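A.B. asks: I'm passing along entry21.cif; it holds mmCIF, C-alpha atoms and all ligand atoms.
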```
data_input
loop_
_atom_site.label_atom_id
_atom_site.label_comp_id
_atom_site.auth_asym_id
_atom_site.auth_seq_id
_atom_site.Cartn_x
_atom_site.Cartn_y
_atom_site.Cartn_z
CA MET A 1 -15.72 150.48 7.81
CA SER A 2 -18.43 149.36 10.23
CA ASN A 3 -22.05 149.40 9.25
CA THR A 4 -23.38 149.54 12.81
CA LYS A 5 -25.67 152.57 12.94
CA GLU A 6 -27.62 151.91 16.14
CA THR A 7 -27.68 149.47 19.05
CA VAL A 8 -28.06 145.95 17.67
CA LEU A 9 -27.72 142.38 18.82
CA GLU A 10 -26.23 140.38 15.97
CA ILE A 11 -27.21 136.71 15.96
CA ASN A 12 -24.79 134.52 14.08
CA LEU A 13 -26.38 131.29 12.81
CA PRO A 14 -23.20 129.69 11.41
CA HIS A 15 -21.80 130.01 14.95
CA LEU A 16 -24.88 128.24 16.29
CA THR A 17 -24.31 125.39 13.83
CA HIS A 18 -20.66 125.19 14.88
CA ASN A 19 -21.57 124.98 18.58
CA PHE A 20 -24.30 122.42 17.97
CA ASN A 21 -21.89 120.20 16.05
CA TYR A 22 -19.17 120.63 18.67
CA LEU A 23 -21.51 119.60 21.51
CA LYS A 24 -22.86 116.71 19.45
CA SER A 25 -19.30 115.48 18.90
CA LYS A 26 -18.91 115.22 22.70
CA VAL A 27 -21.66 112.61 23.09
CA LYS A 28 -22.22 109.17 21.54
CA SER A 29 -24.13 109.27 18.28
CA SER A 30 -27.11 107.55 19.90
CA VAL A 31 -27.49 110.34 22.48
CA LYS A 32 -30.26 112.81 21.62
CA ILE A 33 -29.69 116.55 21.79
CA LEU A 34 -32.23 118.70 23.59
CA ALA A 35 -31.71 122.38 22.84
CA VAL A 36 -32.68 124.76 25.64
CA VAL A 37 -34.22 127.89 24.13
CA LYS A 38 -35.79 129.39 27.26
CA ALA A 39 -35.50 133.09 28.07
CA SER A 40 -35.74 134.09 24.39
CA GLY A 41 -32.97 131.69 23.46
CA TYR A 42 -30.69 133.05 26.19
CA GLY A 43 -31.51 136.60 25.17
CA SER A 44 -31.16 136.12 21.41
CA ASP A 45 -34.42 135.16 19.70
CA ALA A 46 -36.12 131.87 20.59
CA VAL A 47 -37.94 131.46 17.29
CA VAL A 48 -34.87 132.15 15.16
CA MET A 49 -32.81 129.76 17.29
CA ALA A 50 -35.42 127.00 17.30
CA LYS A 51 -36.03 127.21 13.55
CA HIS A 52 -32.33 126.91 12.84
CA LEU A 53 -31.80 124.14 15.41
CA GLU A 54 -34.77 122.20 14.06
CA LYS A 55 -33.16 122.39 10.62
CA ILE A 56 -29.76 121.16 11.81
CA GLY A 57 -31.16 118.25 13.80
CA ALA A 58 -32.09 119.11 17.38
CA ASP A 59 -34.17 116.23 18.76
CA TYR A 60 -36.02 118.12 21.48
CA PHE A 61 -36.51 121.65 22.74
CA ALA A 62 -36.94 122.91 26.28
CA VAL A 63 -38.35 126.16 27.60
CA ALA A 64 -39.00 127.19 31.19
CA TYR A 65 -42.62 128.33 30.94
CA THR A 66 -45.70 127.40 28.95
CA SER A 67 -45.93 130.82 27.27
CA GLU A 68 -42.45 130.30 25.79
CA GLY A 69 -43.54 127.00 24.29
CA ILE A 70 -46.69 128.53 22.80
CA LEU A 71 -44.56 131.14 21.05
CA LEU A 72 -42.54 128.38 19.37
CA ARG A 73 -45.62 126.40 18.32
CA GLU A 74 -47.20 129.55 16.89
CA ALA A 75 -44.03 130.06 14.84
CA GLY A 76 -44.46 126.58 13.37
CA ILE A 77 -41.96 124.55 15.42
CA LYS A 78 -42.93 120.87 15.20
CA THR A 79 -40.19 119.25 17.35
CA PRO A 80 -41.27 118.05 20.84
CA ILE A 81 -41.04 120.83 23.43
CA LEU A 82 -40.43 120.12 27.11
CA VAL A 83 -41.70 122.78 29.53
CA LEU A 84 -39.26 122.62 32.42
CA HIS A 85 -41.18 124.58 35.00
CA PRO A 86 -44.89 124.79 34.20
CA GLN A 87 -47.54 126.02 36.61
CA PRO A 88 -50.81 124.06 36.90
CA VAL A 89 -52.83 127.17 35.96
CA ASN A 90 -51.43 126.77 32.41
CA PHE A 91 -51.87 123.01 31.99
CA GLN A 92 -54.88 123.30 29.68
CA LYS A 93 -53.03 125.68 27.33
CA LEU A 94 -49.97 123.48 27.51
CA VAL A 95 -51.96 120.49 26.25
CA GLU A 96 -53.71 122.58 23.61
CA TYR A 97 -50.31 123.47 22.12
CA GLN A 98 -48.91 119.92 22.42
CA LEU A 99 -46.25 120.96 24.90
CA GLU A 100 -44.85 118.38 27.31
CA PRO A 101 -44.73 119.18 31.02
CA SER A 102 -41.97 118.37 33.45
CA LEU A 103 -43.94 117.15 36.48
CA TYR A 104 -41.89 117.77 39.57
CA SER A 105 -44.14 117.15 42.58
CA SER A 106 -47.20 115.19 43.69
CA ARG A 107 -49.24 118.35 43.30
CA THR A 108 -48.21 118.94 39.66
CA LEU A 109 -48.62 115.24 38.79
CA GLU A 110 -52.11 115.03 40.29
CA GLU A 111 -53.26 118.32 38.79
CA PHE A 112 -51.92 117.35 35.38
CA ILE A 113 -53.73 114.01 35.49
CA ALA A 114 -56.94 115.85 36.43
CA THR A 115 -56.57 118.28 33.51
CA ILE A 116 -55.68 115.65 30.96
CA THR A 117 -58.52 113.38 32.11
CA SER A 118 -61.00 116.22 31.61
CA LEU A 119 -59.61 116.69 28.10
CA ASN A 120 -60.07 112.99 27.24
CA GLN A 121 -56.51 112.46 26.10
CA LYS A 122 -54.63 109.15 26.11
CA ASN A 123 -50.89 108.53 26.52
CA PHE A 124 -50.03 112.23 26.62
CA PRO A 125 -46.23 112.53 26.94
CA VAL A 126 -45.00 113.87 30.26
CA HIS A 127 -41.62 114.03 31.96
CA ILE A 128 -40.84 113.18 35.57
CA LYS A 129 -38.26 115.38 37.24
CA PHE A 130 -36.18 114.05 40.12
CA ASN A 131 -34.32 116.17 42.63
CA SER A 132 -30.85 114.69 42.97
CA GLY A 133 -29.28 117.43 45.08
CA LEU A 134 -30.05 120.84 43.60
CA ASN A 135 -33.03 121.05 45.95
CA ARG A 136 -34.93 123.33 43.60
CA ILE A 137 -37.73 121.35 41.97
CA GLY A 138 -38.24 117.62 41.62
CA PHE A 139 -39.56 114.45 43.19
CA SER A 140 -37.39 112.65 45.70
CA GLU A 141 -36.30 109.06 45.30
CA ASN A 142 -38.85 108.14 48.00
CA ASP A 143 -41.71 109.33 45.80
CA VAL A 144 -41.33 106.47 43.31
CA ASP A 145 -44.14 104.43 44.92
CA HIS A 146 -46.50 107.39 44.95
CA ILE A 147 -45.75 108.16 41.29
CA THR A 148 -46.39 104.55 40.29
CA GLU A 149 -49.64 104.51 42.22
CA GLN A 150 -50.86 107.63 40.42
CA LEU A 151 -49.89 106.19 37.05
CA ARG A 152 -51.58 102.86 37.67
CA LYS A 153 -54.92 104.65 37.98
CA THR A 154 -54.82 106.26 34.54
CA ASP A 155 -53.95 105.74 30.90
CA THR A 156 -54.08 109.47 30.11
CA ILE A 157 -50.34 110.03 30.38
CA LYS A 158 -47.21 108.24 29.32
CA ILE A 159 -43.75 108.94 30.74
CA ALA A 160 -41.60 110.14 27.84
CA SER A 161 -38.55 110.81 30.00
CA LEU A 162 -37.06 110.93 33.46
CA LEU A 163 -34.78 113.84 34.19
CA SER A 164 -32.74 115.52 36.84
CA HIS A 165 -30.47 118.56 36.93
CA LEU A 166 -26.88 118.98 38.07
CA ALA A 167 -26.06 121.72 40.57
CA ALA A 168 -22.35 122.24 39.97
CA SER A 169 -21.30 120.44 36.79
CA GLU A 170 -18.96 123.33 35.87
CA ASP A 171 -17.16 123.23 39.22
CA HIS A 172 -14.32 120.70 39.37
CA ASN A 173 -14.13 121.07 43.16
CA GLU A 174 -17.61 119.60 43.40
CA ARG A 175 -16.83 116.42 41.49
CA GLU A 176 -17.72 114.13 44.37
CA PHE A 177 -21.05 115.85 44.92
CA THR A 178 -21.85 115.67 41.20
CA LEU A 179 -21.05 111.96 41.05
CA ARG A 180 -23.43 111.46 44.00
CA GLN A 181 -26.11 113.33 42.04
CA ILE A 182 -25.54 111.07 39.04
CA ASN A 183 -25.86 107.96 41.22
CA SER A 184 -28.95 109.24 42.97
CA PHE A 185 -30.64 109.88 39.60
CA LYS A 186 -29.60 106.47 38.27
CA LYS A 187 -31.10 104.79 41.31
CA ALA A 188 -34.41 106.68 41.13
CA ALA A 189 -34.66 106.11 37.37
CA LYS A 190 -33.98 102.40 37.75
CA GLN A 191 -36.62 101.98 40.45
CA LEU A 192 -39.29 103.86 38.53
CA SER A 193 -38.49 102.15 35.21
CA ALA A 194 -38.78 98.76 36.90
CA LYS A 195 -42.26 99.64 38.12
CA LEU A 196 -43.34 101.15 34.78
CA GLY A 197 -42.28 98.11 32.80
CA TYR A 198 -40.63 100.33 30.18
CA THR A 199 -37.62 102.65 30.20
CA PRO A 200 -38.25 106.28 29.30
CA ILE A 201 -35.49 108.52 27.94
CA LEU A 202 -33.08 109.47 30.75
CA HIS A 203 -31.36 112.86 30.88
CA GLN A 204 -29.45 114.81 33.48
CA SER A 205 -26.66 116.83 31.83
CA ASN A 206 -26.62 120.51 31.03
CA THR A 207 -23.77 122.00 28.96
CA SER A 208 -21.10 121.52 31.61
CA GLY A 209 -22.43 118.02 32.28
CA ILE A 210 -21.87 117.25 28.59
CA LEU A 211 -18.33 118.61 28.74
CA ASN A 212 -17.25 117.24 32.13
CA TYR A 213 -19.34 114.13 32.91
CA PRO A 214 -19.64 111.53 30.13
CA GLU A 215 -21.14 109.22 32.76
CA ALA A 216 -24.14 111.57 32.94
CA HIS A 217 -24.96 111.63 29.22
CA PHE A 218 -27.57 108.83 29.45
CA ASP A 219 -29.99 108.90 26.43
CA MET A 220 -30.23 112.65 25.94
CA VAL A 221 -28.41 115.82 27.00
CA ARG A 222 -29.78 119.32 27.49
CA THR A 223 -27.64 122.16 26.26
CA GLY A 224 -28.31 125.85 26.65
CA ILE A 225 -25.29 128.07 27.21
CA GLY A 226 -23.01 125.89 25.05
CA LEU A 227 -25.22 126.39 22.01
CA TYR A 228 -24.92 130.13 22.50
CA GLY A 229 -21.14 129.85 22.57
CA TYR A 230 -20.07 129.64 26.22
CA GLY A 231 -18.55 126.64 27.98
CA ASN A 232 -18.13 127.93 31.54
CA GLU A 233 -14.36 127.33 31.23
CA ALA A 234 -11.66 128.89 29.04
CA LYS A 235 -10.69 125.66 27.29
CA PHE A 236 -14.29 125.10 26.16
CA ASP A 237 -14.93 128.78 25.42
CA ASN A 238 -12.04 128.51 22.96
CA GLU A 239 -13.82 125.74 21.05
CA LEU A 240 -17.18 127.50 20.95
CA LYS A 241 -18.27 130.64 19.09
CA PRO A 242 -20.49 133.27 20.71
CA VAL A 243 -23.73 133.50 18.76
CA ALA A 244 -24.71 136.96 19.99
CA ALA A 245 -22.72 140.17 19.55
CA LEU A 246 -23.96 143.40 21.12
CA LYS A 247 -22.90 146.54 19.28
CA SER A 248 -23.72 150.22 19.33
CA VAL A 249 -22.41 153.60 18.20
CA ILE A 250 -21.08 156.80 19.71
CA SER A 251 -23.92 159.34 19.84
CA GLN A 252 -21.94 162.28 21.17
CA ILE A 253 -18.55 163.19 22.61
CA HIS A 254 -18.04 165.46 25.64
CA GLU A 255 -14.94 166.98 27.17
CA LEU A 256 -14.91 167.36 30.95
CA LYS A 257 -12.65 169.85 32.66
CA PRO A 258 -11.23 168.90 36.10
CA GLY A 259 -14.03 169.26 38.67
CA GLU A 260 -16.89 168.73 36.22
CA SER A 261 -19.24 165.81 36.82
CA LEU A 262 -20.95 163.29 34.59
CA GLY A 263 -24.38 161.72 34.66
CA TYR A 264 -27.03 161.18 37.33
CA ASN A 265 -26.17 161.95 40.93
CA ARG A 266 -22.85 163.30 39.65
CA ALA A 267 -21.44 159.82 40.30
CA PHE A 268 -18.32 160.53 38.25
CA LYS A 269 -16.24 163.65 38.92
CA ALA A 270 -13.34 164.37 36.59
CA ALA A 271 -10.06 164.77 38.49
CA VAL A 272 -8.26 165.56 35.24
CA PHE A 273 -9.30 166.43 31.70
CA THR A 274 -11.56 163.57 30.55
CA LYS A 275 -13.10 162.88 27.16
CA THR A 276 -16.34 160.85 27.21
CA ALA A 277 -18.57 159.19 24.66
CA THR A 278 -22.30 158.76 25.15
CA ILE A 279 -23.73 155.47 23.85
CA PRO A 280 -27.40 154.65 23.24
CA ILE A 281 -27.73 151.62 25.52
CA GLY A 282 -28.79 151.57 29.17
CA HIS A 283 -30.30 149.52 31.94
CA ALA A 284 -33.59 149.27 30.04
CA ASP A 285 -31.65 147.46 27.32
CA GLY A 286 -30.06 145.04 29.76
CA ILE A 287 -26.86 146.79 30.78
CA SER A 288 -27.63 146.85 34.47
CA ARG A 289 -26.42 149.47 36.91
CA GLN A 290 -23.89 146.99 38.27
CA TYR A 291 -21.74 147.73 35.20
CA GLY A 292 -21.51 151.44 36.10
CA ASN A 293 -18.68 153.23 37.83
CA LYS A 294 -15.89 151.42 35.95
CA LYS A 295 -17.16 147.90 36.74
CA GLY A 296 -17.92 147.41 33.08
CA PHE A 297 -16.32 148.53 29.86
CA VAL A 298 -16.99 148.67 26.13
CA THR A 299 -14.54 148.37 23.27
CA ILE A 300 -13.93 151.20 20.81
CA LYS A 301 -11.26 150.94 18.10
CA ASN A 302 -10.02 147.76 19.82
CA LYS A 303 -9.43 149.61 23.09
CA PRO A 304 -11.33 149.23 26.37
CA ALA A 305 -13.36 152.24 27.50
CA ASN A 306 -14.61 152.14 31.10
CA ILE A 307 -18.22 152.99 31.88
CA LEU A 308 -18.13 156.20 33.92
CA GLY A 309 -20.72 157.12 36.55
CA ASN A 310 -24.15 155.55 36.77
CA VAL A 311 -25.73 153.58 33.95
CA CYS A 312 -28.82 155.53 32.79
CA MET A 313 -32.03 153.94 31.53
CA ASP A 314 -31.15 154.58 27.87
CA MET A 315 -27.49 155.57 27.87
CA ILE A 316 -24.04 154.94 29.22
CA MET A 317 -21.05 157.28 29.14
CA VAL A 318 -17.57 155.85 28.69
CA ASP A 319 -14.02 157.12 29.04
CA ILE A 320 -12.39 157.75 25.64
CA THR A 321 -9.64 160.06 26.85
CA ASP A 322 -6.99 157.83 25.28
CA ILE A 323 -8.96 156.61 22.28
CA ASP A 324 -8.92 158.32 18.90
CA CYS A 325 -12.60 158.04 17.93
CA HIS A 326 -15.49 160.07 16.58
CA GLU A 327 -19.25 160.42 16.81
CA GLY A 328 -20.85 157.64 14.75
CA ASP A 329 -18.01 155.19 15.38
CA GLU A 330 -18.83 151.60 16.30
CA VAL A 331 -18.87 150.45 19.93
CA ILE A 332 -18.62 146.78 20.93
CA ILE A 333 -20.28 145.77 24.18
CA PHE A 334 -19.50 142.09 23.63
CA ASP A 335 -18.61 139.95 20.63
CA GLU A 336 -16.32 137.07 19.71
CA THR A 337 -13.20 138.90 20.87
CA THR A 338 -14.54 140.52 24.03
CA SER A 339 -16.85 137.81 25.26
CA ALA A 340 -19.97 138.30 27.33
CA SER A 341 -18.50 136.03 30.00
CA LYS A 342 -15.49 138.36 30.38
CA ILE A 343 -17.69 141.45 30.75
CA ALA A 344 -20.01 139.60 33.12
CA GLU A 345 -17.20 138.26 35.31
CA GLN A 346 -15.66 141.68 35.68
CA SER A 347 -18.78 142.94 37.42
CA GLY A 348 -19.43 139.82 39.47
CA THR A 349 -22.00 137.98 37.38
CA ILE A 350 -22.08 135.24 34.71
CA SER A 351 -22.60 135.15 30.95
CA TYR A 352 -26.10 133.69 31.45
CA GLU A 353 -27.31 136.82 33.25
CA LEU A 354 -25.79 139.34 30.86
CA LEU A 355 -27.10 137.51 27.77
CA THR A 356 -30.64 136.91 29.01
CA ALA A 357 -31.00 140.52 30.14
CA ILE A 358 -30.78 142.00 26.63
CA SER A 359 -34.25 143.47 26.30
CA PRO A 360 -36.63 143.23 23.34
CA ARG A 361 -35.96 146.92 22.66
CA VAL A 362 -32.57 146.03 21.17
CA LYS A 363 -32.92 145.31 17.46
CA ARG A 364 -31.96 141.73 16.50
CA VAL A 365 -30.00 141.34 13.27
CA ILE A 366 -29.66 137.83 11.88
CA ILE A 367 -26.39 136.83 10.23
CA ASP A 368 -26.88 133.62 8.31
CA LYS A 369 -23.65 133.49 6.30
CA ASN A 370 -20.03 133.44 7.39
C1 LIG A 401 -31.53 126.05 31.91
C2 LIG A 401 -31.47 124.60 32.07
C3 LIG A 401 -30.57 123.82 31.29
C4 LIG A 401 -29.52 124.42 30.40
O1 LIG A 401 -28.34 124.64 31.15
P1 LIG A 401 -27.00 125.20 30.46
O2 LIG A 401 -26.04 125.31 31.59
O3 LIG A 401 -27.35 126.53 29.89
O4 LIG A 401 -26.60 124.23 29.43
C5 LIG A 401 -30.68 122.44 31.38
N1 LIG A 401 -31.57 121.86 32.21
C6 LIG A 401 -32.39 122.58 33.01
C7 LIG A 401 -33.34 121.87 33.92
C8 LIG A 401 -32.37 123.96 32.98
O5 LIG A 401 -33.17 124.67 33.78
#
```
Written as structure tokens, how would this file's structure read?

C.D. replies:
Amino acid sequence: MSNTKETVLEINLPHLTHNFNYLKSKVKSSVKILAVVKASGYGSDAVVMAKHLEKIGADYFAVAYTSEGILLREAGIKTPILVLHPQPVNFQKLVEYQLEPSLYSSRTLEEFIATITSLNQKNFPVHIKFNSGLNRIGFSENDVDHITEQLRKTDTIKIASLLSHLAASEDHNEREFTLRQINSFKKAAKQLSAKLGYTPILHQSNTSGILNYPEAHFDMVRTGIGLYGYGNEAKFDNELKPVAALKSVISQIHELKPGESLGYNRAFKAAVFTKTATIPIGHADGISRQYGNKKGFVTIKNKPANILGNVCMDMIMVDITDIDCHEGDEVIIFDETTSASKIAEQSGTISYELLTAISPRVKRVIIDKN
């Protein structure tokens, strides 16, 4: 008998521990683990994730924006927090909350030095991000001299790490490109370290880098999706356990006669007798309209039920013609058996997008025992 009574996102902490240990087993024991908890811990709950990960031994955290780091500090997280993509407008706040910026351009480096100088700080830890081929953010190899010049003028900052990011570590067809990225980062890191006179922590791998490129583990690895239970490949998915499970209930059942329509814009028209269930979850909860019109499905009594017609803001309607179910019965959107990556793939996206879209409106339920 299920005890799901409304739409909930269950967050399974023993699964998080399992994934953390699995990923840790893939790197040498000296390699530090940075846990990426941006985007509300990939749609789960950043504070709950970070508190648990801090307890089980994460060495570092990363978020995308300053505001995400502040939330963790306010919740009492003490572990160092790297802000991957800060904006200069937030530098003062970032320092106030002892967050560590990734500086990715001359502009961000110079503005950070200006802020930190005005705050009279010494040796504040910062991270230098190199672009090794993703062409998103980061210094180029040619900027090493400029970086060194800026650093020579000040003792306000200290380089805690050098990092870069892989563009296609999950794609085995891009192996050559990825190896070039690894070499490019190695070269830039070596040049800058030589000029600094000390070697900061080096890190380049995301989850798929951990799993596919031991040569890119360096001193630390950054894992996001793997911690949440997805490995971007079936053989790794099988070793990991999804942390989040999205569940709901059947609110009401309708029977459509041939010719009757369903939902907004009458997007579904019944050709034959069709039984439908209405479920209290919609695009405002993170089930986007791309899942409508049979692109997505839910699971009821272990059977798939296609989403019929358009996804509404607060509801979806699904086909239960061949399923023996009742109002109040449990509905699985994704869980351990029907994974978020499977649902996402079916409608042309990836687990990352489906997970991070789950809105704050969905109640989070923490499961801390197996
Ligand atoms: C989001 C992000 C990660 C985490 O990537 P996963 O594929 O989820 O492991 C690592 N590094 C950077 C720079 C990121 O932006």

A.B. asks: Near A:Ala75, within 10 Å and counting all atoms listed in the file, which residues show up once chain neighbours fewer than 5 positions away are dropped, as a list in words?

C.D. replies: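 Surrounding residues, per the criterion: Ala46, Val47, Val48, Ala50, Lys51, Gly69 and Ile70 of chain A.
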
A.B. asks: With only C-alpha atoms as the atoms that count, which of A:Asn238, A:Thr321, A:Asn306, A:Ser106 lies nearest to A:Val272?

C.D. replies: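 Ranking A:Asn238, A:Thr321, A:Asn306, A:Ser106 by distance to A:Val272, first place goes to A:Thr321.
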
A.B. asks: I'd like the contact shell of A:Phe112 - 8 Å cut-off, all atoms listed in the file, skipping same-chain residues fewer than 4 positions apart - returned as a list in words.

C.D. replies: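 Surrounding residues, per the criterion: Pro88, Phe91, Thr108 and Ile116 of chain A.
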
A.B. asks: Could you save those same residues with C-alpha atoms as an mmCIF file, keeping the file's coordinate frame?

C.D. replies:
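Resulting contents of selection-v4.cif:
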```
data_model
loop_
_atom_site.group_PDB
_atom_site.id
_atom_site.type_symbol
_atom_site.label_atom_id
_atom_site.label_comp_id
_atom_site.auth_asym_id
_atom_site.auth_seq_id
_atom_site.Cartn_x
_atom_site.Cartn_y
_atom_site.Cartn_z
ATOM 1 C CA PRO A 88 -50.810 124.060 36.900
ATOM 2 C CA PHE A 91 -51.870 123.010 31.990
ATOM 3 C CA THR A 108 -48.210 118.940 39.660
ATOM 4 C CA ILE A 116 -55.680 115.650 30.960
#
```

A.B. asks: Pull the neighbourhood of (-38.3, 121.9, 17.6) for me: all residues within 8 Å in file coordinates, counting only C-alpha atoms, as a PyMOL selection string.

C.D. replies: chain A and resi 50-51+53-54+58-61+72+77-81

A.B. asks: Using all atoms listed in the file, what are the residues with an atom within 6 Å of ligand LIG 401 (chain A), set out as a PyMOL selection string?

C.D. replies: chain A and resi 36+165+206-207+222-226

A.B. asks: Identify, on the basis of all atoms listed in the file, every residue whose closest approach to A:His127 does not exceed 8 Å; exclude the query and any residue fewer than 6 positions from it along the same chain; express the result as a PDB file with C-alpha atoms, keeping the file's coordinate frame.

C.D. replies:
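What ended up in around10.pdb:
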```
ATOM      1  CA  LEU A  82     -40.430 120.120  27.110  1.00  0.00           C
ATOM      2  CA  GLU A 100     -44.850 118.380  27.310  1.00  0.00           C
ATOM      3  CA  PRO A 101     -44.730 119.180  31.020  1.00  0.00           C
ATOM      4  CA  SER A 102     -41.970 118.370  33.450  1.00  0.00           C
ATOM      5  CA  LEU A 103     -43.940 117.150  36.480  1.00  0.00           C
ATOM      6  CA  ILE A 159     -43.750 108.940  30.740  1.00  0.00           C
ATOM      7  CA  ALA A 160     -41.600 110.140  27.840  1.00  0.00           C
ATOM      8  CA  SER A 161     -38.550 110.810  30.000  1.00  0.00           C
ATOM      9  CA  LEU A 162     -37.060 110.930  33.460  1.00  0.00           C
ATOM     10  CA  LEU A 163     -34.780 113.840  34.190  1.00  0.00           C
TER      11      LEU A 163
END
```
